[in-house]
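protein08.cif, holding mmCIF, C-alpha atoms and all ligand atoms:
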data_data
loop_
_atom_site.label_atom_id
_atom_site.label_comp_id
_atom_site.auth_asym_id
_atom_site.auth_seq_id
_atom_site.Cartn_x
_atom_site.Cartn_y
_atom_site.Cartn_z
CA MET A 25 -6.89 -12.44 -20.17
CA ALA A 26 -4.85 -14.91 -18.16
CA ARG A 27 -2.34 -13.22 -15.91
CA GLU A 28 1.25 -14.37 -15.84
CA TYR A 29 2.94 -14.66 -12.48
CA PRO A 30 6.64 -14.89 -11.74
CA PRO A 31 7.94 -18.43 -11.14
CA PHE A 32 9.15 -17.93 -7.55
CA ILE A 33 8.21 -16.22 -4.31
CA TRP A 34 9.84 -16.07 -0.85
CA HIS A 35 7.44 -17.46 1.76
CA ASN A 36 8.10 -18.05 5.46
CA GLY A 37 11.85 -18.45 5.11
CA LYS A 38 12.35 -19.98 1.71
CA ILE A 39 12.07 -19.42 -2.00
CA LYS A 40 9.35 -21.64 -3.43
CA PRO A 41 7.29 -21.95 -6.62
CA TRP A 42 4.68 -19.15 -6.82
CA ALA A 43 1.74 -21.62 -6.79
CA GLU A 44 2.86 -23.15 -3.48
CA ALA A 45 2.65 -19.93 -1.43
CA THR A 46 -0.88 -20.54 -0.19
CA THR A 47 -2.77 -19.78 3.01
CA HIS A 48 -6.03 -20.97 4.57
CA VAL A 49 -9.34 -19.22 3.81
CA MET A 50 -9.87 -18.93 7.58
CA ALA A 51 -6.63 -16.98 8.10
CA HIS A 52 -7.27 -13.93 10.33
CA ALA A 53 -6.08 -11.45 7.67
CA VAL A 54 -8.62 -12.67 5.10
CA HIS A 55 -11.45 -11.69 7.43
CA TYR A 56 -10.10 -8.68 9.28
CA GLY A 57 -7.54 -6.95 7.06
CA SER A 58 -4.76 -7.74 9.55
CA SER A 59 -1.76 -7.51 7.25
CA VAL A 60 1.06 -5.03 6.91
CA PHE A 61 2.96 -4.63 3.69
CA GLU A 62 5.36 -2.58 1.60
CA GLY A 63 5.75 -1.67 -2.05
CA ILE A 64 9.36 -1.18 -3.11
CA ARG A 65 10.96 -0.73 -6.53
CA SER A 66 14.32 -1.80 -7.82
CA TYR A 67 15.89 -0.12 -10.84
CA THR A 68 18.69 -0.91 -13.24
CA THR A 69 21.52 1.53 -12.64
CA PRO A 70 24.98 1.90 -14.21
CA LYS A 71 26.39 0.07 -11.16
CA GLY A 72 23.89 -2.82 -11.30
CA GLN A 73 20.38 -3.35 -10.00
CA ALA A 74 19.55 -1.27 -6.93
CA ILE A 75 16.59 -1.47 -4.56
CA PHE A 76 15.43 2.05 -3.74
CA ARG A 77 15.52 2.73 0.02
CA LEU A 78 15.04 -0.93 0.91
CA SER A 79 16.06 -0.36 4.55
CA ASP A 80 13.63 2.54 4.99
CA HIS A 81 10.78 0.51 3.51
CA LEU A 82 11.51 -2.47 5.77
CA LYS A 83 11.77 -0.15 8.75
CA ARG A 84 8.28 1.15 7.94
CA LEU A 85 7.05 -2.47 7.65
CA PHE A 86 8.27 -3.12 11.19
CA HIS A 87 6.70 0.13 12.39
CA SER A 88 3.36 -0.91 10.86
CA ALA A 89 3.66 -4.30 12.63
CA LYS A 90 4.46 -2.54 15.92
CA ILE A 91 1.31 -0.42 15.70
CA TYR A 92 -0.83 -3.56 15.31
CA ASP A 93 1.13 -5.77 17.80
CA LEU A 94 1.92 -8.14 14.96
CA PRO A 95 4.87 -10.35 16.00
CA MET A 96 7.48 -10.47 13.21
CA PRO A 97 9.10 -13.91 12.95
CA PHE A 98 11.96 -12.62 10.76
CA ALA A 99 14.44 -9.83 11.39
CA GLN A 100 14.77 -6.83 9.09
CA ASP A 101 18.06 -8.09 7.64
CA GLU A 102 16.46 -11.47 6.84
CA LEU A 103 13.73 -9.69 4.86
CA ALA A 104 16.37 -7.59 3.11
CA ARG A 105 18.10 -10.84 2.09
CA ALA A 106 14.73 -12.31 1.03
CA SER A 107 14.07 -9.23 -1.15
CA ARG A 108 17.37 -9.68 -2.97
CA ASP A 109 16.92 -13.46 -3.26
CA VAL A 110 13.44 -13.25 -4.78
CA ILE A 111 14.65 -10.79 -7.43
CA SER A 112 17.56 -13.11 -8.29
CA ALA A 113 15.40 -16.26 -8.27
CA ASN A 114 13.04 -14.66 -10.79
CA LYS A 115 15.95 -13.22 -12.84
CA LEU A 116 14.30 -9.78 -12.88
CA PRO A 117 16.42 -6.89 -14.21
CA LYS A 118 14.13 -4.47 -12.29
CA ALA A 119 11.23 -5.21 -10.01
CA TYR A 120 8.37 -4.15 -7.82
CA LEU A 121 8.79 -5.89 -4.46
CA ARG A 122 5.88 -6.68 -2.17
CA PRO A 123 6.82 -7.81 1.34
CA VAL A 124 3.71 -8.71 3.36
CA ALA A 125 3.20 -10.02 6.90
CA PHE A 126 -0.20 -11.10 8.15
CA ARG A 127 -2.04 -12.92 10.90
CA GLY A 128 -2.48 -16.43 9.56
CA LEU A 129 -4.59 -19.38 10.62
CA GLY A 130 -5.13 -19.40 14.40
CA GLY A 131 -8.06 -18.28 16.50
CA PHE A 132 -11.10 -16.62 14.97
CA GLY A 133 -11.70 -13.75 17.41
CA LEU A 134 -10.49 -10.24 16.68
CA SER A 135 -7.76 -10.40 19.33
CA ALA A 136 -6.95 -14.09 18.73
CA GLU A 137 -3.35 -15.22 18.74
CA CYS A 138 -2.38 -16.27 15.22
CA PRO A 139 0.97 -17.15 13.68
CA THR A 140 2.41 -14.43 11.43
CA ASP A 141 2.93 -15.48 7.83
CA VAL A 142 5.51 -13.52 5.83
CA ALA A 143 6.08 -13.38 2.09
CA VAL A 144 8.09 -11.30 -0.35
CA ALA A 145 6.94 -11.27 -3.97
CA ALA A 146 8.72 -9.59 -6.90
CA TRP A 147 7.49 -8.90 -10.40
CA ASP A 148 8.08 -6.50 -13.24
CA MET A 149 5.65 -3.60 -12.99
CA GLY A 150 5.35 -0.70 -15.42
CA PRO A 151 3.83 2.71 -14.59
CA TYR A 152 1.10 2.10 -11.96
CA LEU A 153 -1.48 4.50 -13.38
CA GLY A 154 -1.11 3.29 -16.97
CA PRO A 155 1.22 3.53 -19.97
CA GLY A 156 2.54 7.00 -20.80
CA VAL A 157 1.27 8.69 -17.62
CA ILE A 158 4.70 9.69 -16.33
CA GLU A 159 5.17 11.81 -19.46
CA GLN A 160 1.59 12.89 -20.21
CA GLY A 161 -0.03 13.02 -16.77
CA ILE A 162 -3.52 12.02 -15.69
CA ASP A 163 -6.90 13.63 -15.08
CA ALA A 164 -7.91 13.25 -11.42
CA CYS A 165 -11.01 13.90 -9.35
CA VAL A 166 -11.74 14.60 -5.71
CA SER A 167 -13.37 11.54 -4.22
CA SER A 168 -16.75 11.52 -2.53
CA TRP A 169 -15.06 9.26 0.05
CA GLN A 170 -13.03 10.86 2.85
CA ARG A 171 -9.98 9.36 4.54
CA PHE A 172 -10.46 7.91 8.03
CA ALA A 173 -10.10 10.24 11.02
CA PRO A 174 -6.73 10.00 12.83
CA ASN A 175 -8.31 8.52 15.97
CA THR A 176 -9.99 5.70 14.03
CA ILE A 177 -7.45 3.88 11.84
CA PRO A 178 -3.78 4.93 11.89
CA ALA A 179 -2.80 6.20 8.45
CA GLY A 180 0.88 5.96 9.41
CA ALA A 181 0.65 2.15 9.28
CA LYS A 182 0.72 0.59 5.85
CA ALA A 183 -1.85 -2.02 6.79
CA GLY A 184 -4.07 -4.08 4.50
CA GLY A 185 -7.30 -2.81 6.08
CA ASN A 186 -6.42 0.81 5.26
CA TYR A 187 -6.66 -0.05 1.61
CA LEU A 188 -10.42 -0.51 1.78
CA SER A 189 -10.42 3.29 1.81
CA GLY A 190 -8.01 3.37 -1.14
CA GLN A 191 -10.17 0.90 -3.08
CA LEU A 192 -13.29 3.04 -2.66
CA ILE A 193 -11.42 6.12 -3.85
CA ALA A 194 -9.62 4.46 -6.76
CA ARG A 195 -12.63 2.47 -8.00
CA GLU A 196 -14.94 5.47 -7.86
CA ALA A 197 -12.43 7.51 -9.87
CA ARG A 198 -12.06 4.81 -12.55
CA ARG A 199 -15.84 4.33 -12.73
CA LEU A 200 -16.25 8.04 -13.42
CA GLY A 201 -13.52 7.94 -16.08
CA PHE A 202 -10.69 9.58 -14.10
CA GLY A 203 -7.11 8.35 -13.82
CA GLU A 204 -7.03 8.55 -10.02
CA GLY A 205 -8.97 9.88 -7.04
CA ILE A 206 -7.80 12.39 -4.44
CA ALA A 207 -9.24 12.21 -0.93
CA LEU A 208 -10.05 14.83 1.64
CA ALA A 209 -9.26 14.14 5.29
CA SER A 210 -12.02 14.05 7.93
CA THR A 211 -11.13 17.70 8.61
CA GLY A 212 -12.30 18.57 5.10
CA LEU A 213 -8.76 19.52 4.11
CA LEU A 214 -6.75 17.69 1.46
CA SER A 215 -5.25 14.34 2.33
CA GLU A 216 -3.66 12.35 -0.53
CA GLY A 217 -4.40 10.16 -3.53
CA ALA A 218 -5.83 6.63 -3.26
CA GLY A 219 -2.29 5.26 -3.11
CA GLU A 220 -0.07 8.30 -3.63
CA ASN A 221 1.02 11.47 -1.85
CA LEU A 222 0.37 14.88 -3.38
CA PHE A 223 2.57 17.83 -4.29
CA MET A 224 1.46 21.23 -5.59
CA VAL A 225 3.63 23.93 -7.07
CA PHE A 226 3.00 27.58 -6.18
CA ASP A 227 5.43 30.20 -7.52
CA GLY A 228 8.20 27.63 -7.95
CA ALA A 229 7.85 26.19 -4.42
CA LEU A 230 6.61 22.67 -3.60
CA HIS A 231 3.71 22.38 -1.17
CA THR A 232 2.61 19.06 0.28
CA THR A 233 0.02 17.96 2.82
CA PRO A 234 1.23 17.03 6.35
CA VAL A 235 1.15 13.58 8.01
CA SER A 236 -1.66 14.86 10.25
CA ALA A 237 -3.89 14.84 7.12
CA ALA A 238 -4.48 11.04 7.34
CA LEU A 239 -1.82 10.12 4.82
CA LEU A 240 0.89 7.54 4.53
CA ASN A 241 4.25 9.11 5.27
CA GLY A 242 5.58 8.21 1.86
CA ILE A 243 9.20 7.37 1.22
CA THR A 244 8.96 8.87 -2.27
CA ARG A 245 7.46 12.02 -0.69
CA ASN A 246 10.41 12.19 1.71
CA SER A 247 12.87 11.55 -1.13
CA LEU A 248 11.38 14.36 -3.24
CA MET A 249 11.38 16.81 -0.33
CA THR A 250 15.05 15.98 0.23
CA LEU A 251 16.03 16.21 -3.45
CA ALA A 252 14.13 19.49 -3.85
CA ARG A 253 15.77 21.10 -0.82
CA ASP A 254 19.20 19.92 -2.04
CA ALA A 255 18.41 21.62 -5.38
CA GLY A 256 17.41 24.88 -3.66
CA ILE A 257 13.66 24.42 -4.24
CA GLU A 258 11.56 25.58 -1.29
CA VAL A 259 9.39 22.85 0.26
CA VAL A 260 6.39 23.69 2.43
CA GLU A 261 4.42 21.06 4.40
CA ARG A 262 1.02 22.51 5.31
CA ASP A 263 -2.70 22.01 5.47
CA ILE A 264 -4.20 22.72 2.05
CA PRO A 265 -7.90 23.27 1.28
CA ARG A 266 -9.41 21.54 -1.76
CA GLU A 267 -9.76 24.58 -3.98
CA TYR A 268 -5.98 24.98 -4.20
CA LEU A 269 -5.96 21.88 -6.39
CA TYR A 270 -7.56 24.12 -9.03
CA LEU A 271 -5.41 27.17 -8.30
CA CYS A 272 -1.88 25.74 -8.12
CA ASP A 273 0.55 26.12 -11.01
CA GLU A 274 1.35 22.41 -11.13
CA LEU A 275 0.22 19.27 -9.36
CA PHE A 276 1.64 15.76 -9.19
CA MET A 277 1.22 12.51 -7.30
CA CYS A 278 4.08 10.43 -6.01
CA GLY A 279 4.66 7.01 -4.57
CA THR A 280 6.70 3.91 -5.16
CA ALA A 281 4.13 2.54 -7.60
CA ALA A 282 3.11 5.88 -9.21
CA GLU A 283 6.69 7.29 -9.09
CA ILE A 284 6.05 10.92 -10.18
CA THR A 285 2.77 11.18 -12.09
CA PRO A 286 1.74 14.68 -13.23
CA ILE A 287 -1.91 15.69 -12.86
CA ARG A 288 -3.29 17.71 -15.80
CA SER A 289 -6.73 18.42 -14.42
CA VAL A 290 -8.86 17.96 -11.31
CA ASP A 291 -12.64 17.58 -11.49
CA GLY A 292 -12.47 18.66 -15.13
CA LYS A 293 -10.65 21.94 -14.36
CA PRO A 294 -7.17 22.28 -15.91
CA VAL A 295 -4.24 22.55 -13.50
CA GLY A 296 -1.99 25.42 -14.61
CA ALA A 297 -1.44 25.07 -18.37
CA GLY A 298 -3.27 21.70 -18.36
CA LYS A 299 -0.06 19.75 -19.01
CA PRO A 300 2.97 18.67 -16.95
CA GLY A 301 4.91 21.76 -15.85
CA PRO A 302 8.59 22.63 -15.44
CA VAL A 303 8.93 22.01 -11.69
CA THR A 304 7.31 18.58 -12.09
CA ALA A 305 9.73 17.86 -14.95
CA LYS A 306 12.65 18.99 -12.77
CA MET A 307 11.55 16.68 -9.92
CA GLN A 308 11.22 13.79 -12.37
CA LYS A 309 14.71 14.51 -13.67
CA LEU A 310 16.16 14.59 -10.16
CA PHE A 311 14.30 11.45 -9.06
CA PHE A 312 14.87 9.27 -12.13
CA GLY A 313 18.41 10.68 -12.27
CA LEU A 314 19.17 8.62 -9.16
CA PHE A 315 18.86 5.54 -11.35
CA ASP A 316 20.71 6.71 -14.47
CA GLY A 317 23.48 8.22 -12.37
CA SER A 318 22.78 11.88 -13.22
CA THR A 319 21.61 12.61 -9.64
CA PRO A 320 24.30 11.61 -7.14
CA ASP A 321 23.11 9.15 -4.48
CA THR A 322 24.54 11.11 -1.55
CA ARG A 323 22.45 9.33 1.10
CA GLY A 324 22.96 5.67 0.24
CA TRP A 325 19.40 5.22 -1.02
CA LEU A 326 20.48 2.74 -3.71
CA GLU A 327 20.86 -0.66 -2.07
CA TYR A 328 22.39 -2.99 -4.61
CA VAL A 329 21.06 -6.49 -5.31
C1 LIG A 401 -1.99 5.53 0.62
C2 LIG A 401 -0.62 5.75 0.12
N1 LIG A 401 -0.08 6.99 0.20
C3 LIG A 401 1.17 7.23 -0.23
C4 LIG A 401 1.95 6.24 -0.79
C5 LIG A 401 3.34 6.54 -1.22
O1 LIG A 401 4.26 5.94 -0.33
P1 LIG A 401 5.68 5.50 -0.79
O2 LIG A 401 6.30 6.65 -1.46
O3 LIG A 401 6.39 5.14 0.46
O4 LIG A 401 5.52 4.34 -1.69
C6 LIG A 401 1.43 4.96 -0.91
C7 LIG A 401 2.21 3.89 -1.50
O5 LIG A 401 2.76 3.08 -0.83
C8 LIG A 401 0.12 4.71 -0.43
O6 LIG A 401 -0.39 3.48 -0.52
#
Go through the file and emit its structure as structure tokens.
Ligand SMILES: Cc1ncc(COP(=O)(O)O)c(C=O)c1O
Amino acid sequence: MAREYPPFIWHNGKIKPWAEATTHVMAHAVHYGSSVFEGIRSYTTPKGQAIFRLSDHLKRLFHSAKIYDLPMPFAQDELARASRDVISANKLPKAYLRPVAFRGLGGFGLSAECPTDVAVAAWDMGPYLGPGVIEQGIDACVSSWQRFAPNTIPAGAKAGGNYLSGQLIAREARRLGFGEGIALASTGLLSEGAGENLFMVFDGALHTTPVSAALLNGITRNSLMTLARDAGIEVVERDIPREYLYLCDELFMCGTAAEITPIRSVDGKPVGAGKPGPVTAKMQKLFFGLFDGSTPDTRGWLEYV
């Protein structure tokens, strides 16, 4: 099936037709994974379209670039402008935004100096893990692939190369008929999903794995921890062994793409009652409430287009 792409993209300083945003096959990033990127969603709200935590996402993009010594030719506020402009150019009422910066065509050695190319794409994206999953949940499995050890590849950078790990985990899960894969860290303890953070519910409290477990410090994860604490729900960040996936009352994944996706079963064992539970539903209500106005935006997370 032919894919449809949006008409415009922002590339190296200007909005241009999608088909013109090309790069050379010998660009450094094509060979070595040397890109950093973000995934950001905008939502329609009663006060107009808002980009969720745009500044925090762009801050993380610059942090990822700092880790890899990737010079950024545009300032954060220029990329914030670009994000708004690409939504407007494509006339999108809501969007998934993909800013990316990468080492372009330059030298061919690993430490070669290369110009940094920057783009911001925007398109309309439904639920990442498939239609209906936000309501019905998914069946997940623990991957046979572990996350990288913390002294090998920094999980705190959202860099293209990290997603080789995510591809192994996600593709294995799909091949085996699961909705998503969950990875263990090199310690043997739980890390996160292929492209999502994890939350478990025990006796009404939310438990999530710590950043030391080779995971991306998710902005959705941080938002949910904040919303839960504001609502009086206890939040515990701790190392969690695998078997607690089977023993928790509820389990869900979260991320910009996956939003809040309940997990009904892991490795064929039902989680709790085998369907999305009440704490998951409450977190969905609080999170999606930010966009319909039922959850007050007390921290300025909605950045209007
Ligand atoms: C590996 C990984 N973990 C977690 C997340 C969730 O992060 P965020 O909530 O900032 O989108 C993502 C998505 O970006 C991810 O790719």
Give me the residues within 6 Å of stretch 72-88 of chain A as a PyMOL selection string, counting all atoms listed in the file and dropping any in the same chain fewer than 5 places off. chain A and resi 65-67+181-182+325-329
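Using only C-alpha atoms and all ligand atoms, residues with at least one atom at most 6 Å away from any atom of ligand LIG 401 (chain A) are A:Gly63, A:Ala218, A:Gly219, A:Glu220, A:Asn221, A:Leu239, A:Leu240, A:Gly242, A:Ile243, A:Thr244, A:Arg245, A:Gly279, A:Thr280.
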Let me make sure I understand: among A:Ala136, A:Val235, A:Leu251, A:Ala106, which one has the smallest atom-to-atom distance to A:Tyr56 if we use all atoms listed in the file? A:Ala136
Figure out the distance between atom CA of A:Thr68 and atom CA of A:Lys118, please, to one decimal in Å.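 Atom CA of A:Thr68 lies at a distance of 5.9 Å from atom CA of A:Lys118.
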Pick the closest to A:Glu102 from A:Gly190, A:Gly217, A:Pro123, A:Gly184: which is it, counting all atoms listed in the file?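 Looking at the shortest contact to A:Glu102, the residue is A:Pro123.
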Can you tell me, as a ChimeraX atom specification, what residues are no more than 9 Å from stretch 259-262 of chain A when counting all atoms listed in the file, ignoring any on the same chain fewer than 2 positions away? /A:229-235,249-250,252-253,257,264
Please report the interatomic distance between atom CA of A:Leu129 and atom CA of A:Thr46 in Å with one decimal. 11.5 Å
Find the distance between atom CA of A:Glu196 and atom CA of A:Gly298 and write it in Å to one decimal.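 If I compute the distance from atom CA of A:Glu196 to atom CA of A:Gly298, I get 22.6 Å.
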Which residue of A:Arg127, A:Arg122, A:Lys115, A:Lys293 approaches A:His48 most closely, using all atoms listed in the file: A:Arg127
Residues near A:Glu267, anyone? I mean within 10 Å using all atoms listed in the file, not counting same-chain ones fewer than 6 positions away, as a list in words.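 After dropping sequence-adjacent residues, the list is Leu213, Leu214 and Val290 of chain A.
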Given all atoms listed in the file as the counted atoms, nearest of A:Phe132, A:Trp169, A:Phe226, A:Phe32 to A:Ile111: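 Looking only at the distances to A:Ile111, the closest residue turns out to be A:Phe32.
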Find the residues near A:Trp147: any atom within 7 Å, counting all atoms listed in the file, skip ones fewer than 5 places away on the same chain, and give them as a ChimeraX atom specification. /A:30,119-121
Restricting to all atoms listed in the file, whichever of A:Val144, A:Tyr268, A:Gly128, A:Glu216 is closest to A:Ala179 is A:Glu216
Taking the point (-14.8, 5.2, -5.7) as given in the file, collect each protein or nucleic acid residue that comes within 12 Å of it, counting all atoms listed in the file, and present the set as a JSON list (two decimals) with C-alpha atoms, in the frame of the given file.
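Ended up saving to point.json:
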[["chain", "number", "residue", "atom", "x", "y", "z"],
["A", 165, "CYS", "CA", -11.01, 13.90, -9.35],
["A", 166, "VAL", "CA", -11.74, 14.60, -5.71],
["A", 167, "SER", "CA", -13.37, 11.54, -4.22],
["A", 168, "SER", "CA", -16.75, 11.52, -2.53],
["A", 169, "TRP", "CA", -15.06, 9.26, 0.05],
["A", 170, "GLN", "CA", -13.03, 10.86, 2.85],
["A", 188, "LEU", "CA", -10.42, -0.51, 1.78],
["A", 189, "SER", "CA", -10.42, 3.29, 1.81],
["A", 190, "GLY", "CA", -8.01, 3.37, -1.14],
["A", 191, "GLN", "CA", -10.17, 0.90, -3.08],
["A", 192, "LEU", "CA", -13.29, 3.04, -2.66],
["A", 193, "ILE", "CA", -11.42, 6.12, -3.85],
["A", 194, "ALA", "CA", -9.62, 4.46, -6.76],
["A", 195, "ARG", "CA", -12.63, 2.47, -8.00],
["A", 196, "GLU", "CA", -14.94, 5.47, -7.86],
["A", 197, "ALA", "CA", -12.43, 7.51, -9.87],
["A", 198, "ARG", "CA", -12.06, 4.81, -12.55],
["A", 199, "ARG", "CA", -15.84, 4.33, -12.73],
["A", 200, "LEU", "CA", -16.25, 8.04, -13.42],
["A", 201, "GLY", "CA", -13.52, 7.94, -16.08],
["A", 202, "PHE", "CA", -10.69, 9.58, -14.10],
["A", 203, "GLY", "CA", -7.11, 8.35, -13.82],
["A", 204, "GLU", "CA", -7.03, 8.55, -10.02],
["A", 205, "GLY", "CA", -8.97, 9.88, -7.04],
["A", 206, "ILE", "CA", -7.80, 12.39, -4.44],
["A", 207, "ALA", "CA", -9.24, 12.21, -0.93],
["A", 217, "GLY", "CA", -4.40, 10.16, -3.53],
["A", 218, "ALA", "CA", -5.83, 6.63, -3.26]]
Closest of A:Gly57, A:Gly324, A:Gly228, A:Gly212 to A:Leu134 - atom-to-atom distances counting only C-alpha atoms: A:Gly57
Residue list as a JSON list (two decimals) with C-alpha atoms, in the coordinates of the input for point (-7.5, -19.0, 9.6), cut-off 10 Å, all atoms listed in the file:
[["chain", "number", "residue", "atom", "x", "y", "z"],
["A", 47, "THR", "CA", -2.77, -19.78, 3.01],
["A", 48, "HIS", "CA", -6.03, -20.97, 4.57],
["A", 49, "VAL", "CA", -9.34, -19.22, 3.81],
["A", 50, "MET", "CA", -9.87, -18.93, 7.58],
["A", 51, "ALA", "CA", -6.63, -16.98, 8.10],
["A", 52, "HIS", "CA", -7.27, -13.93, 10.33],
["A", 53, "ALA", "CA", -6.08, -11.45, 7.67],
["A", 54, "VAL", "CA", -8.62, -12.67, 5.10],
["A", 55, "HIS", "CA", -11.45, -11.69, 7.43],
["A", 127, "ARG", "CA", -2.04, -12.92, 10.90],
["A", 128, "GLY", "CA", -2.48, -16.43, 9.56],
["A", 129, "LEU", "CA", -4.59, -19.38, 10.62],
["A", 130, "GLY", "CA", -5.13, -19.40, 14.40],
["A", 131, "GLY", "CA", -8.06, -18.28, 16.50],
["A", 132, "PHE", "CA", -11.10, -16.62, 14.97],
["A", 138, "CYS", "CA", -2.38, -16.27, 15.22],
["A", 139, "PRO", "CA", 0.97, -17.15, 13.68]]
Within 8 Å of A:Arg171, counting only C-alpha atoms, which residues qualify if same-chain residues fewer than 4 places away don't, as a ChimeraX atom specification? /A:189,207-210,215,238
Hey, could you patch up stretch 126-149 of chain A with N, CA and C atoms and hand it over as a short mmCIF file (atom, residue, chain, number, x, y, z; two decimals), in the frame of the given file?
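Writing done, so here's out-v8.cif:
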data_model
loop_
_atom_site.label_atom_id
_atom_site.label_comp_id
_atom_site.auth_asym_id
_atom_site.auth_seq_id
_atom_site.Cartn_x
_atom_site.Cartn_y
_atom_site.Cartn_z
N PHE A 126 1.23 -11.11 7.77
CA PHE A 126 -0.20 -11.10 8.15
C PHE A 126 -0.50 -12.16 9.19
N ARG A 127 -1.58 -11.91 9.94
CA ARG A 127 -2.04 -12.92 10.90
C ARG A 127 -2.64 -14.06 10.10
N GLY A 128 -2.08 -15.25 10.33
CA GLY A 128 -2.48 -16.43 9.56
C GLY A 128 -3.58 -17.21 10.25
N LEU A 129 -3.55 -18.51 10.06
CA LEU A 129 -4.59 -19.38 10.62
C LEU A 129 -4.30 -19.63 12.11
N GLY A 130 -5.25 -19.23 12.95
CA GLY A 130 -5.13 -19.40 14.40
C GLY A 130 -6.52 -19.33 14.96
N GLY A 131 -6.71 -18.47 15.96
CA GLY A 131 -8.06 -18.28 16.50
C GLY A 131 -8.89 -17.42 15.57
N PHE A 132 -10.20 -17.36 15.87
CA PHE A 132 -11.10 -16.62 14.97
C PHE A 132 -11.58 -15.29 15.54
N GLY A 133 -11.28 -15.02 16.82
CA GLY A 133 -11.70 -13.75 17.41
C GLY A 133 -10.80 -12.61 16.95
N LEU A 134 -11.27 -11.39 17.14
CA LEU A 134 -10.49 -10.24 16.68
C LEU A 134 -9.11 -10.19 17.33
N SER A 135 -9.06 -10.49 18.65
CA SER A 135 -7.76 -10.40 19.33
C SER A 135 -7.09 -11.76 19.47
N ALA A 136 -7.50 -12.72 18.64
CA ALA A 136 -6.95 -14.09 18.73
C ALA A 136 -5.45 -14.09 18.44
N GLU A 137 -4.76 -15.02 19.07
CA GLU A 137 -3.35 -15.22 18.74
C GLU A 137 -3.29 -16.05 17.45
N CYS A 138 -2.52 -15.56 16.50
CA CYS A 138 -2.38 -16.27 15.22
C CYS A 138 -0.91 -16.22 14.81
N PRO A 139 -0.41 -17.23 14.17
CA PRO A 139 0.97 -17.15 13.68
C PRO A 139 1.07 -16.08 12.59
N THR A 140 2.22 -15.43 12.51
CA THR A 140 2.41 -14.43 11.43
C THR A 140 3.03 -15.13 10.22
N ASP A 141 2.38 -15.01 9.10
CA ASP A 141 2.93 -15.48 7.83
C ASP A 141 3.66 -14.31 7.17
N VAL A 142 4.76 -14.59 6.51
CA VAL A 142 5.51 -13.52 5.83
C VAL A 142 5.86 -13.97 4.42
N ALA A 143 5.69 -13.07 3.47
CA ALA A 143 6.08 -13.38 2.09
C ALA A 143 6.73 -12.16 1.47
N VAL A 144 7.57 -12.40 0.48
CA VAL A 144 8.09 -11.30 -0.35
C VAL A 144 7.94 -11.74 -1.81
N ALA A 145 7.12 -11.00 -2.55
CA ALA A 145 6.94 -11.27 -3.97
C ALA A 145 7.71 -10.22 -4.77
N ALA A 146 8.05 -10.55 -6.00
CA ALA A 146 8.72 -9.59 -6.90
C ALA A 146 8.23 -9.85 -8.31
N TRP A 147 7.89 -8.77 -9.00
CA TRP A 147 7.49 -8.90 -10.40
C TRP A 147 7.86 -7.62 -11.14
N ASP A 148 7.75 -7.68 -12.44
CA ASP A 148 8.08 -6.50 -13.24
C ASP A 148 6.80 -5.67 -13.37
N MET A 149 6.85 -4.42 -12.91
CA MET A 149 5.65 -3.60 -12.99
C MET A 149 5.97 -2.29 -13.71
#
